[in-house]
>>> print(open('start.txt').read())   # compact mmCIF, C-alpha atoms and all ligand atoms
# COMPACT_ATOMS: atom_id res chain seq x y z
CA MET S 1 44.28 6.68 3.24
CA ALA S 2 41.73 9.43 3.93
CA LYS S 3 43.32 12.40 5.73
CA LEU S 4 42.73 15.99 6.81
CA VAL S 5 44.37 18.62 4.61
CA SER S 6 44.55 22.40 4.13
CA VAL S 7 42.60 24.29 1.47
CA SER S 8 45.66 24.54 -0.80
CA GLU S 9 46.41 20.80 -0.54
CA ALA S 10 42.74 20.08 -1.33
CA VAL S 11 42.89 22.32 -4.41
CA GLU S 12 46.03 20.56 -5.61
CA HIS S 13 44.47 17.13 -5.05
CA LEU S 14 41.35 18.13 -7.02
CA ASN S 15 43.48 19.52 -9.85
CA SER S 16 45.35 16.25 -10.13
CA GLY S 17 42.13 14.22 -10.36
CA GLY S 18 41.60 13.41 -6.67
CA LEU S 19 38.50 13.42 -4.46
CA VAL S 20 38.03 15.91 -1.63
CA GLY S 21 35.69 15.88 1.37
CA LEU S 22 34.27 19.38 1.07
CA PRO S 23 32.60 21.16 4.01
CA THR S 24 29.33 22.91 3.11
CA GLU S 25 26.62 24.42 5.31
CA THR S 26 24.28 21.47 4.63
CA VAL S 27 26.40 18.31 4.79
CA TYR S 28 29.95 17.42 3.68
CA GLY S 29 30.29 16.64 -0.03
CA LEU S 30 32.67 14.30 -1.88
CA ALA S 31 33.97 16.59 -4.61
CA ALA S 32 35.70 16.22 -7.98
CA ARG S 33 36.26 18.61 -10.89
CA VAL S 34 33.39 18.44 -13.40
CA ASP S 35 35.85 18.27 -16.31
CA GLN S 36 37.66 15.12 -15.11
CA ASP S 37 35.64 12.06 -16.08
CA SER S 38 37.84 9.57 -14.26
CA ALA S 39 37.55 11.54 -11.01
CA ILE S 40 33.76 11.70 -11.45
CA ALA S 41 33.68 7.93 -12.00
CA ASN S 42 35.73 7.55 -8.80
CA ILE S 43 33.03 9.40 -6.82
CA PHE S 44 30.52 6.73 -7.80
CA ARG S 45 33.03 3.97 -7.03
CA ALA S 46 34.08 5.38 -3.66
CA LYS S 47 30.45 5.74 -2.54
CA GLN S 48 29.27 2.51 -4.22
CA ARG S 49 26.65 4.75 -5.75
CA PRO S 50 24.70 3.52 -8.79
CA PHE S 51 25.28 5.56 -11.95
CA PHE S 52 21.57 6.35 -12.27
CA ASP S 53 21.76 8.76 -9.31
CA PRO S 54 22.93 12.19 -10.60
CA LEU S 55 25.38 14.51 -8.81
CA ILE S 56 24.87 18.14 -7.79
CA VAL S 57 27.36 20.63 -9.25
CA HIS S 58 28.73 23.32 -6.92
CA VAL S 59 29.69 26.80 -8.08
CA HIS S 60 31.03 30.00 -6.51
CA SER S 61 29.15 32.61 -8.55
CA LEU S 62 26.06 33.20 -10.65
CA GLU S 63 28.24 33.57 -13.68
CA GLN S 64 29.72 30.10 -13.11
CA ALA S 65 26.23 28.62 -12.59
CA LYS S 66 25.18 29.95 -15.97
CA THR S 67 28.07 28.12 -17.68
CA LEU S 68 26.39 24.82 -16.75
CA CYS S 69 22.82 25.33 -17.95
CA SER S 70 21.28 26.16 -21.31
CA GLU S 71 18.34 28.12 -19.87
CA TRP S 72 18.01 30.60 -17.04
CA PRO S 73 14.29 31.23 -16.49
CA SER S 74 13.10 34.21 -14.45
CA ALA S 75 12.18 31.89 -11.55
CA ALA S 76 15.85 30.79 -11.39
CA GLU S 77 16.91 34.43 -11.39
CA VAL S 78 14.64 35.19 -8.42
CA LEU S 79 15.40 32.04 -6.41
CA SER S 80 19.15 32.44 -6.85
CA LYS S 81 18.89 36.11 -5.86
CA TYR S 82 17.10 35.26 -2.60
CA PHE S 83 18.63 31.95 -1.59
CA TRP S 84 22.17 31.76 -3.03
CA PRO S 85 24.69 31.25 -1.66
CA GLY S 86 22.72 28.79 0.43
CA PRO S 87 20.98 25.41 0.84
CA LEU S 88 19.06 25.41 -2.45
CA THR S 89 19.76 23.34 -5.57
CA LEU S 90 18.22 24.42 -8.87
CA VAL S 91 17.62 21.75 -11.51
CA LEU S 92 17.82 23.32 -14.98
CA PRO S 93 18.35 22.17 -18.60
CA LYS S 94 22.05 21.29 -18.91
CA LYS S 95 24.66 22.51 -21.38
CA ARG S 96 25.65 19.80 -23.82
CA ASN S 97 29.33 19.75 -22.92
CA LEU S 98 28.68 18.76 -19.29
CA SER S 99 29.51 15.09 -18.63
CA GLU S 100 26.56 12.68 -18.92
CA MET S 101 27.97 10.79 -15.96
CA ILE S 102 27.31 13.75 -13.65
CA THR S 103 23.67 14.03 -14.72
CA SER S 104 23.07 10.27 -15.15
CA GLY S 105 22.10 10.91 -18.75
CA LEU S 106 19.33 13.35 -17.82
CA PRO S 107 18.85 16.51 -19.91
CA THR S 108 19.07 18.58 -16.69
CA VAL S 109 21.70 19.47 -14.10
CA GLY S 110 21.39 20.25 -10.37
CA ILE S 111 23.35 23.41 -9.47
CA ARG S 112 24.13 24.87 -6.04
CA TRP S 113 26.18 27.80 -4.77
CA PRO S 114 27.03 26.78 -1.19
CA ALA S 115 27.26 29.38 1.57
CA SER S 116 30.30 27.84 3.27
CA PRO S 117 33.28 30.20 2.79
CA ILE S 118 35.70 27.24 2.69
CA ALA S 119 33.70 25.55 -0.07
CA GLN S 120 33.56 28.82 -2.00
CA GLU S 121 37.29 29.36 -1.65
CA ILE S 122 38.10 25.84 -2.88
CA ILE S 123 35.80 26.18 -5.90
CA ARG S 124 37.23 29.63 -6.65
CA GLN S 125 40.84 28.42 -6.49
CA VAL S 126 40.13 25.35 -8.64
CA GLY S 127 38.42 27.63 -11.15
CA VAL S 128 36.06 24.91 -12.38
CA PRO S 129 32.72 23.79 -10.81
CA LEU S 130 32.85 20.76 -8.52
CA ALA S 131 30.44 17.83 -8.67
CA ALA S 132 29.74 16.61 -5.14
CA PRO S 133 27.22 14.21 -3.68
CA SER S 134 27.01 13.88 0.10
CA ALA S 135 30.21 12.24 1.39
CA ASN S 136 28.74 8.97 2.66
CA GLN S 137 28.43 5.41 1.43
CA PHE S 138 25.37 5.07 -0.81
CA GLY S 139 22.12 4.84 1.14
CA LYS S 140 23.80 5.60 4.46
CA THR S 141 23.70 8.48 6.95
CA SER S 142 25.08 11.78 5.61
CA PRO S 143 28.19 13.39 7.18
CA THR S 144 28.03 16.65 9.14
CA LYS S 145 31.57 16.56 10.61
CA ALA S 146 34.98 16.07 8.96
CA GLN S 147 35.46 13.00 11.15
CA HIS S 148 32.37 11.37 9.60
CA VAL S 149 33.93 11.71 6.14
CA LEU S 150 37.25 10.27 7.32
CA SER S 151 35.49 7.21 8.70
CA GLU S 152 33.26 6.72 5.61
CA PHE S 153 36.31 6.62 3.31
CA SER S 154 39.03 5.49 5.73
CA GLY S 155 40.83 3.18 3.30
CA GLN S 156 40.60 5.46 0.27
CA SER S 157 42.60 8.35 -1.12
CA VAL S 158 40.13 11.04 -0.04
CA TYR S 159 41.48 14.37 1.27
CA VAL S 160 39.18 16.11 3.74
CA VAL S 161 39.05 19.80 4.69
CA ASP S 162 37.73 20.36 8.20
CA GLY S 163 35.14 23.13 8.17
CA GLY S 164 33.66 22.26 11.56
CA ASP S 165 30.09 21.08 12.10
CA CYS S 166 27.60 21.79 9.28
CA GLU S 167 25.21 24.54 10.33
CA VAL S 168 22.11 23.44 8.47
CA GLY S 169 22.67 19.72 8.94
CA ILE S 170 20.36 18.32 6.24
CA GLU S 171 20.83 18.45 2.47
CA SER S 172 19.70 21.31 0.26
CA THR S 173 16.15 21.75 -0.97
CA ILE S 174 16.10 20.64 -4.63
CA VAL S 175 13.77 22.50 -7.00
CA SER S 176 13.41 21.76 -10.68
CA VAL S 177 12.76 24.93 -12.64
CA GLY S 178 10.95 24.15 -15.87
CA GLN S 179 9.53 26.27 -18.63
CA ASP S 180 6.73 28.76 -18.04
CA GLY S 181 7.31 28.89 -14.29
CA VAL S 182 6.48 25.23 -13.64
CA LEU S 183 8.43 24.14 -10.56
CA GLN S 184 8.75 20.93 -8.63
CA ILE S 185 10.26 20.36 -5.18
CA LEU S 186 12.31 17.19 -5.69
CA ARG S 187 13.69 17.07 -2.15
CA PRO S 188 12.53 19.13 0.85
CA GLY S 189 15.10 20.98 2.96
CA GLN S 190 15.52 24.04 5.14
CA ILE S 191 14.17 26.33 2.41
CA SER S 192 10.51 25.35 2.43
CA GLU S 193 8.02 25.30 -0.42
CA ASP S 194 6.21 28.17 1.33
CA LYS S 195 9.31 30.39 1.30
CA ILE S 196 9.92 29.59 -2.37
CA ALA S 197 6.31 30.44 -3.28
CA GLN S 198 6.47 33.61 -1.21
CA VAL S 199 9.51 35.12 -2.95
CA LEU S 200 8.26 34.20 -6.42
CA ALA S 201 4.91 35.84 -5.69
CA GLN S 202 6.65 38.88 -4.25
CA GLU S 203 8.66 39.29 -7.47
CA GLU S 204 5.49 38.81 -9.55
CA ILE S 205 6.71 35.67 -11.31
CA ASN S 206 4.03 33.46 -12.85
CA PHE S 207 4.62 30.05 -11.35
CA ARG S 208 3.05 26.74 -10.40
CA ILE S 209 4.52 24.19 -7.96
CA LEU S 210 3.67 20.64 -9.04
CA LYS S 211 3.38 17.80 -6.56
CA THR S 212 6.27 15.36 -6.97
CA GLU S 213 4.98 11.88 -7.72
CA ASN S 214 7.12 11.18 -10.74
CA LYS S 215 10.13 9.10 -9.64
CA LEU S 216 12.03 9.72 -12.86
CA MET S 217 12.21 13.39 -12.01
CA ALA S 218 14.12 12.68 -8.81
CA PRO S 219 16.14 9.57 -9.52
CA GLY S 220 18.02 9.59 -6.23
CA GLN S 221 14.91 9.75 -4.10
CA MET S 222 14.52 6.09 -3.24
CA LYS S 223 12.47 4.66 -0.44
CA HIS S 224 15.48 3.95 1.80
CA HIS S 225 18.29 6.42 2.24
CA TYR S 226 20.37 8.00 5.02
CA MET S 227 20.23 4.68 6.89
CA PRO S 228 22.10 4.27 10.19
CA THR S 229 23.96 1.05 11.04
CA LYS S 230 21.20 -0.02 13.48
CA PRO S 231 17.56 -0.18 12.32
CA LEU S 232 15.61 2.98 13.11
CA VAL S 233 11.92 2.57 13.91
CA LEU S 234 9.39 5.41 13.90
CA VAL S 235 6.77 4.99 16.61
CA ASP S 236 3.71 6.61 18.09
CA GLU S 237 4.52 9.23 20.72
CA PHE S 238 3.16 7.23 23.67
CA MET S 239 4.16 3.65 22.86
CA SER S 240 5.94 1.76 25.67
CA VAL S 241 9.45 0.41 25.06
CA PRO S 242 8.47 -3.31 25.51
CA ASP S 243 5.66 -2.73 23.01
CA ILE S 244 8.09 -1.12 20.54
CA ILE S 245 10.49 -4.06 20.82
CA GLU S 246 7.74 -6.68 20.33
CA LYS S 247 6.30 -4.96 17.28
CA ALA S 248 9.72 -4.15 15.78
CA LYS S 249 10.70 -7.85 15.97
CA VAL S 250 7.75 -8.90 13.86
CA LYS S 251 8.16 -6.16 11.27
CA ILE S 252 11.95 -6.21 10.89
CA ILE S 253 12.03 -9.99 10.35
CA ASP S 254 9.81 -9.50 7.32
CA LEU S 255 12.15 -7.03 5.61
CA PRO S 256 13.93 -8.04 2.40
CA GLU S 257 17.75 -8.15 2.39
CA GLN S 258 17.81 -5.11 0.16
CA GLU S 259 15.41 -2.73 -1.51
CA GLU S 260 16.14 -0.44 -4.49
CA SER S 261 19.90 -1.21 -4.26
CA VAL S 262 20.05 -0.28 -0.55
CA LYS S 263 20.96 -3.05 1.91
CA LEU S 264 18.68 -3.17 4.95
CA VAL S 265 20.04 -3.93 8.41
CA ARG S 266 18.42 -6.96 10.02
CA PRO S 267 19.85 -7.78 13.47
CA SER S 268 19.70 -11.40 14.60
CA LYS S 269 17.93 -10.41 17.84
CA ILE S 270 15.89 -7.42 18.98
CA GLU S 271 15.94 -7.10 22.75
CA THR S 272 17.10 -3.55 23.40
CA ALA S 273 16.06 -0.17 22.06
CA ILE S 274 17.40 3.38 22.50
CA GLU S 275 15.39 6.52 21.81
CA LEU S 276 16.66 9.05 19.28
CA VAL S 277 15.79 12.38 20.85
CA LEU S 278 15.81 15.63 18.84
CA PRO S 279 15.01 19.22 19.86
CA ASP S 280 11.49 20.37 18.94
CA GLU S 281 12.81 23.41 17.13
CA ALA S 282 13.32 22.25 13.52
CA SER S 283 16.55 24.12 12.67
CA LEU S 284 18.21 22.80 15.85
CA ALA S 285 16.91 19.30 15.19
CA ALA S 286 18.29 19.35 11.61
CA ARG S 287 21.69 20.51 12.85
CA CYS S 288 22.21 17.55 15.19
CA PHE S 289 20.13 14.93 13.36
CA TYR S 290 22.75 13.00 11.35
CA SER S 291 25.45 13.10 14.01
CA ARG S 292 23.03 11.82 16.70
CA LEU S 293 21.90 9.11 14.34
CA ARG S 294 25.51 8.03 13.87
CA GLU S 295 26.48 8.29 17.55
CA GLN S 296 23.42 6.43 18.81
CA SER S 297 23.88 3.63 16.26
CA GLU S 298 27.26 2.97 17.84
CA LEU S 299 25.74 2.41 21.30
CA GLN S 300 24.97 -1.04 22.74
CA THR S 301 21.48 -1.41 21.35
CA ASP S 302 19.67 -3.57 18.81
CA ILE S 303 17.45 -0.82 17.43
CA LEU S 304 16.84 2.94 17.64
CA PHE S 305 13.39 4.47 17.83
CA PHE S 306 11.99 7.96 17.30
CA ARG S 307 8.68 9.15 18.77
CA LEU S 308 6.47 11.03 16.32
CA LYS S 309 4.71 14.05 17.82
CA ALA S 310 2.19 16.55 16.46
CA ILE S 311 4.93 19.17 16.03
CA HIS S 312 6.67 16.95 13.48
CA SER S 313 3.93 17.54 10.93
CA SER S 314 4.73 21.28 10.74
CA VAL S 315 6.16 22.68 7.50
CA GLU S 316 9.47 23.46 9.24
CA TRP S 317 9.91 19.77 9.98
CA SER S 318 9.22 18.56 6.42
CA GLY S 319 12.92 18.22 5.49
CA ILE S 320 13.77 16.27 8.65
CA MET S 321 10.64 14.10 8.35
CA ASP S 322 11.65 13.21 4.79
CA ARG S 323 15.04 12.02 6.12
CA LEU S 324 13.49 10.22 9.12
CA ASN S 325 11.03 8.35 6.89
CA LYS S 326 13.78 7.20 4.56
CA ALA S 327 16.29 6.42 7.31
CA SER S 328 13.77 4.26 9.15
CA SER S 329 13.42 0.55 8.44
CA VAL S 330 9.81 0.37 9.62
CA GLN S 331 7.10 2.45 11.23
CA ILE S 332 4.94 1.19 14.07
CA PHE S 333 1.68 2.78 15.14
O1 LIG P 1 23.11 19.87 0.32
C1 LIG P 1 23.34 19.15 -0.64
O2 LIG P 1 22.63 19.14 -1.66
C2 LIG P 1 24.56 18.21 -0.56
C3 LIG P 1 25.82 19.07 -0.47
C4 LIG P 1 27.08 18.27 -0.55
O3 LIG P 1 25.77 20.05 -1.47
N1 LIG P 1 24.60 17.30 -1.66
C5 LIG P 1 23.75 16.24 -1.77
O4 LIG P 1 24.02 15.41 -2.86
O5 LIG P 1 22.84 16.03 -1.02
P1 LIG P 1 23.41 13.94 -2.99
O6 LIG P 1 24.11 13.35 -4.15
O7 LIG P 1 23.50 13.22 -1.74
O8 LIG P 1 21.95 14.18 -3.43
C6 LIG P 1 21.73 14.76 -4.68
C7 LIG P 1 20.42 14.37 -5.24
C8 LIG P 1 20.40 13.12 -6.09
O9 LIG P 1 20.19 11.98 -5.34
C9 LIG P 1 19.25 13.39 -7.03
O10 LIG P 1 18.05 12.97 -6.45
C10 LIG P 1 19.21 14.89 -7.10
O11 LIG P 1 20.12 15.39 -6.20
N2 LIG P 1 19.61 15.38 -8.42
C11 LIG P 1 20.83 15.76 -8.85
N3 LIG P 1 20.79 16.15 -10.13
C12 LIG P 1 19.52 16.01 -10.54
C13 LIG P 1 18.83 16.22 -11.76
N4 LIG P 1 19.45 16.65 -12.84
N5 LIG P 1 17.50 15.96 -11.78
C14 LIG P 1 16.87 15.52 -10.68
N6 LIG P 1 17.45 15.28 -9.51
C15 LIG P 1 18.75 15.52 -9.43
MG MG P 2 23.20 11.89 -0.28
>>> encode(input="start.txt", output="structure tokens")
Amino acid sequence: MAKLVSVSEAVEHLNSGGLVGLPTETVYGLAARVDQDSAIANIFRAKQRPFFDPLIVHVHSLEQAKTLCSEWPSAAEVLSKYFWPGPLTLVLPKKRNLSEMITSGLPTVGIRWPASPIAQEIIRQVGVPLAAPSANQFGKTSPTKAQHVLSEFSGQSVYVVDGGDCEVGIESTIVSVGQDGVLQILRPGQISEDKIAQVLAQEEINFRILKTENKLMAPGQMKHHYMPTKPLVLVDEFMSVPDIIEKAKVKIIDLPEQEESVKLVRPSKIETAIELVLPDEASLAARCFYSRLREQSELQTDILFFRLKAIHSSVEWSGIMDRLNKASSVQIF
């Protein structure tokens, strides 16, 4: 059974090959030691996550980060100096001894030094980096409270450390750092492309940020992700509720049962709809996004809808818009 534990119990559980719900400033992770293959395999099993979707490895120091990768370009040096510990994952060429299961056979590894003091303390006490995807069932809404992790893995032997609500609320920005300063943003997050470009320019690094079209570069970035238990529909700011319901009926009926290994929710009737409301200020919206999505899905409603406004196309909103687009079943304009 999943249960809440202290830091020392979590460390012991990890050392004996167990899985731990780890609080971080972005979302809770489901952690295992990188050197225990059976525990890593259990992460994929517990989440029902396909093995083609690689895990991020969490460290508590620069020195530990460098034990995982075979190259440390100057762009990595600068980005880690400015943004670590924090919500940034660097994708770098991996060391050969790191398990292929963690990286899904890719030649690279995603590395992050989280800001959460509890996460840092657990990694420090274990003494080995921890692989940790977000602690949710594959394709579903990410957890930002310890309680979310307990309910995602209620029947399983997952120990959870309660670190309170996650401050950032959406997952880290993922940047691949290639040779000659060629970078790619694989997943947007609180640290925007603009901020990344700004610090690299400031430190006089030669760099180029490529547009991400190549799916193979970001294997976990499928069309549907973060999905709540009720269908979420993105709509025009001024659409009336009866209009939303009529149009959602037609579009949701046409959905396949699943897409890219993610099951889609298709209710038998669509008669009621509840609005998902978020603050306009992006950092506040990110902080409450996943928990509102979860709470509102549990209400008596057939669907949820979110009104798209001009403010949502700002650069600050890009991380949340990425999640909203993937969490939504359909969009109606
Ligand atoms: O904020 C976060 O990043 C959270 C917390 C727990 O640290 N973790 C997280 O992990 O969001 P997850 O597994 O939900 O998303 C990780 C994604 C994968 O789906 C994949 O797209 C990308 O990271 N990734 C990991 N390693 C990669 C690699 N070597 N190359 C490309 N993408 C990689
Ligand atoms: Mg995830």
>>> residues_around(input="start.txt", residues="range 96-112 of chain S", least_positions_apart="6", cutoff="7 Å", atoms="all atoms listed in the file", output="ChimeraX atom specification")
/S:51-59,65,68,88-90
>>> closest_residue(input="start.txt", among="S:Pro143, S:Pro50, S:Gly18, S:Pro267", to="Cys288 in chain S", atoms="all atoms listed in the file")
S:Pro143
>>> residues_around(input="start.txt", residues="Ala282 in chain S", least_positions_apart="3", cutoff="12 Å", atoms="all atoms listed in the file", output="compact mmCIF listing (two decimals) with C-alpha atoms, in the frame of the given file")
# COMPACT_ATOMS: atom_id res chain seq x y z
CA VAL S 168 22.11 23.44 8.47
CA GLY S 169 22.67 19.72 8.94
CA ILE S 170 20.36 18.32 6.24
CA GLY S 189 15.10 20.98 2.96
CA GLN S 190 15.52 24.04 5.14
CA ILE S 191 14.17 26.33 2.41
CA SER S 192 10.51 25.35 2.43
CA LEU S 278 15.81 15.63 18.84
CA PRO S 279 15.01 19.22 19.86
CA ALA S 285 16.91 19.30 15.19
CA ALA S 286 18.29 19.35 11.61
CA ARG S 287 21.69 20.51 12.85
CA CYS S 288 22.21 17.55 15.19
CA PHE S 289 20.13 14.93 13.36
CA ILE S 311 4.93 19.17 16.03
CA HIS S 312 6.67 16.95 13.48
CA SER S 313 3.93 17.54 10.93
CA SER S 314 4.73 21.28 10.74
CA VAL S 315 6.16 22.68 7.50
CA GLU S 316 9.47 23.46 9.24
CA TRP S 317 9.91 19.77 9.98
CA SER S 318 9.22 18.56 6.42
CA GLY S 319 12.92 18.22 5.49
CA ILE S 320 13.77 16.27 8.65
CA MET S 321 10.64 14.10 8.35
>>> closest_residue(input="start.txt", among="S:Lys251, S:Ile303, S:Glu257, S:Ile209", to="Ile274 in chain S", atoms="only C-alpha atoms")
S:Ile303
>>> closest_atom_pairs(input="start.txt", of="range 4-35 of chain S", to="range 154-164 of chain S", cutoff="9 Å", atoms="all atoms listed in the file", output="Markdown table")
| residue | atom | partner | partner_atom | distance |
| --- | --- | --- | --- | --- |
| S:Leu4 | CA | S:Val160 | CA | 4.7 |
| S:Val5 | CA | S:Val161 | CA | 5.4 |
| S:Ser6 | CA | S:Val161 | CA | 6.1 |
| S:Val7 | CA | S:Val161 | CA | 6.6 |
| S:Glu9 | CA | S:Tyr159 | CA | 8.3 |
| S:Ala10 | CA | S:Tyr159 | CA | 6.4 |
| S:His13 | CA | S:Tyr159 | CA | 7.5 |
| S:Gly18 | CA | S:Val158 | CA | 7.2 |
| S:Leu19 | CA | S:Val158 | CA | 5.3 |
| S:Val20 | CA | S:Tyr159 | CA | 4.8 |
| S:Gly21 | CA | S:Val160 | CA | 4.2 |
| S:Leu22 | CA | S:Val161 | CA | 6.0 |
| S:Pro23 | CA | S:Gly163 | CA | 5.3 |
| S:Thr24 | CA | S:Gly163 | CA | 7.7 |
| S:Tyr28 | CA | S:Gly163 | CA | 8.9 |
| S:Leu30 | CA | S:Val158 | CA | 8.3 |
>>> write_last_selection(input="start.txt", atoms="C-alpha atoms", output="PDB file, keeping the file's coordinate frame")
ATOM      1  CA  LEU S   4      42.730  15.990   6.810  1.00  0.00           C
ATOM      2  CA  VAL S   5      44.370  18.620   4.610  1.00  0.00           C
ATOM      3  CA  SER S   6      44.550  22.400   4.130  1.00  0.00           C
ATOM      4  CA  VAL S   7      42.600  24.290   1.470  1.00  0.00           C
ATOM      5  CA  GLU S   9      46.410  20.800  -0.540  1.00  0.00           C
ATOM      6  CA  ALA S  10      42.740  20.080  -1.330  1.00  0.00           C
ATOM      7  CA  HIS S  13      44.470  17.130  -5.050  1.00  0.00           C
ATOM      8  CA  GLY S  18      41.600  13.410  -6.670  1.00  0.00           C
ATOM      9  CA  LEU S  19      38.500  13.420  -4.460  1.00  0.00           C
ATOM     10  CA  VAL S  20      38.030  15.910  -1.630  1.00  0.00           C
ATOM     11  CA  GLY S  21      35.690  15.880   1.370  1.00  0.00           C
ATOM     12  CA  LEU S  22      34.270  19.380   1.070  1.00  0.00           C
ATOM     13  CA  PRO S  23      32.600  21.160   4.010  1.00  0.00           C
ATOM     14  CA  THR S  24      29.330  22.910   3.110  1.00  0.00           C
ATOM     15  CA  TYR S  28      29.950  17.420   3.680  1.00  0.00           C
ATOM     16  CA  LEU S  30      32.670  14.300  -1.880  1.00  0.00           C
TER      17      LEU S  30
END
>>> atom_distance(input="start.txt", atom1="CA of Gly139 in chain S", atom2="CA of Met227 in chain S")
6.1 Å
>>> atom_distance(input="start.txt", atom1="atom C3 of ligand LIG 1 (chain P)", atom2="CA of Val27 in chain S")
5.3 Å
>>> residues_near_ligand(input="start.txt", ligand="ligand MG 2 (chain P)", cutoff="9 Å", atoms="only C-alpha atoms and all ligand atoms", output="PyMOL selection string")
chain S and resi 27+29+133-142+171+220+225-226
>>> residues_around(input="start.txt", residues="range 198-206 of chain S", least_positions_apart="5", cutoff="10 Å", atoms="all atoms listed in the file", output="list in words")
Ser74, Ala75, Ala76, Glu77, Val78, Leu79, Lys81, Tyr82, Phe83, Asp180, Gly181, Val182, Ser192 and Glu193 of chain S
>>> write_last_selection(input="start.txt", atoms="C-alpha atoms", output="compact mmCIF listing (two decimals), in the coordinates of the input")
# COMPACT_ATOMS: atom_id res chain seq x y z
CA SER S 74 13.10 34.21 -14.45
CA ALA S 75 12.18 31.89 -11.55
CA ALA S 76 15.85 30.79 -11.39
CA GLU S 77 16.91 34.43 -11.39
CA VAL S 78 14.64 35.19 -8.42
CA LEU S 79 15.40 32.04 -6.41
CA LYS S 81 18.89 36.11 -5.86
CA TYR S 82 17.10 35.26 -2.60
CA PHE S 83 18.63 31.95 -1.59
CA ASP S 180 6.73 28.76 -18.04
CA GLY S 181 7.31 28.89 -14.29
CA VAL S 182 6.48 25.23 -13.64
CA SER S 192 10.51 25.35 2.43
CA GLU S 193 8.02 25.30 -0.42
>>> decode(input="start.txt", residues="range 107-112 of chain S", atoms="all heavy atoms", output="mmCIF file, in the first residue's frame")
data_model
loop_
_atom_site.group_PDB
_atom_site.id
_atom_site.type_symbol
_atom_site.label_atom_id
_atom_site.label_comp_id
_atom_site.auth_asym_id
_atom_site.auth_seq_id
_atom_site.Cartn_x
_atom_site.Cartn_y
_atom_site.Cartn_z
ATOM 1 N N PRO S 107 21.229 7.842 -26.871
ATOM 2 C CA PRO S 107 22.616 8.114 -26.481
ATOM 3 C C PRO S 107 22.731 9.275 -25.486
ATOM 4 O O PRO S 107 23.829 9.664 -25.107
ATOM 5 C CB PRO S 107 23.281 8.475 -27.817
ATOM 6 C CG PRO S 107 22.171 8.982 -28.676
ATOM 7 C CD PRO S 107 20.907 8.289 -28.243
ATOM 8 N N THR S 108 21.584 9.847 -25.083
ATOM 9 C CA THR S 108 21.601 11.028 -24.209
ATOM 10 C C THR S 108 20.854 10.747 -22.905
ATOM 11 O O THR S 108 20.078 9.798 -22.817
ATOM 12 C CB THR S 108 20.890 12.213 -24.903
ATOM 13 O OG1 THR S 108 19.589 11.769 -25.298
ATOM 14 C CG2 THR S 108 21.668 12.711 -26.104
ATOM 15 N N VAL S 109 21.088 11.614 -21.921
ATOM 16 C CA VAL S 109 20.374 11.503 -20.646
ATOM 17 C C VAL S 109 19.862 12.885 -20.225
ATOM 18 O O VAL S 109 20.555 13.886 -20.417
ATOM 19 C CB VAL S 109 21.288 10.901 -19.545
ATOM 20 C CG1 VAL S 109 22.591 11.670 -19.374
ATOM 21 C CG2 VAL S 109 20.546 10.821 -18.213
ATOM 22 N N GLY S 110 18.660 12.914 -19.654
ATOM 23 C CA GLY S 110 18.087 14.158 -19.111
ATOM 24 C C GLY S 110 18.498 14.267 -17.648
ATOM 25 O O GLY S 110 18.273 13.339 -16.873
ATOM 26 N N ILE S 111 19.102 15.403 -17.267
ATOM 27 C CA ILE S 111 19.602 15.573 -15.894
ATOM 28 C C ILE S 111 19.008 16.837 -15.273
ATOM 29 O O ILE S 111 18.940 17.884 -15.923
ATOM 30 C CB ILE S 111 21.145 15.736 -15.878
ATOM 31 C CG1 ILE S 111 21.808 14.616 -16.682
ATOM 32 C CG2 ILE S 111 21.678 15.760 -14.446
ATOM 33 C CD1 ILE S 111 23.315 14.810 -16.870
ATOM 34 N N ARG S 112 18.587 16.715 -14.002
ATOM 35 C CA ARG S 112 18.040 17.888 -13.307
ATOM 36 C C ARG S 112 18.482 17.900 -11.853
ATOM 37 O O ARG S 112 18.494 16.868 -11.193
ATOM 38 C CB ARG S 112 16.511 17.854 -13.391
ATOM 39 C CG ARG S 112 15.833 19.065 -12.756
ATOM 40 C CD ARG S 112 14.407 19.160 -13.224
ATOM 41 N NE ARG S 112 13.433 18.742 -12.236
ATOM 42 C CZ ARG S 112 13.042 19.477 -11.203
ATOM 43 N NH1 ARG S 112 13.560 20.670 -10.999
ATOM 44 N NH2 ARG S 112 12.119 19.026 -10.368
#
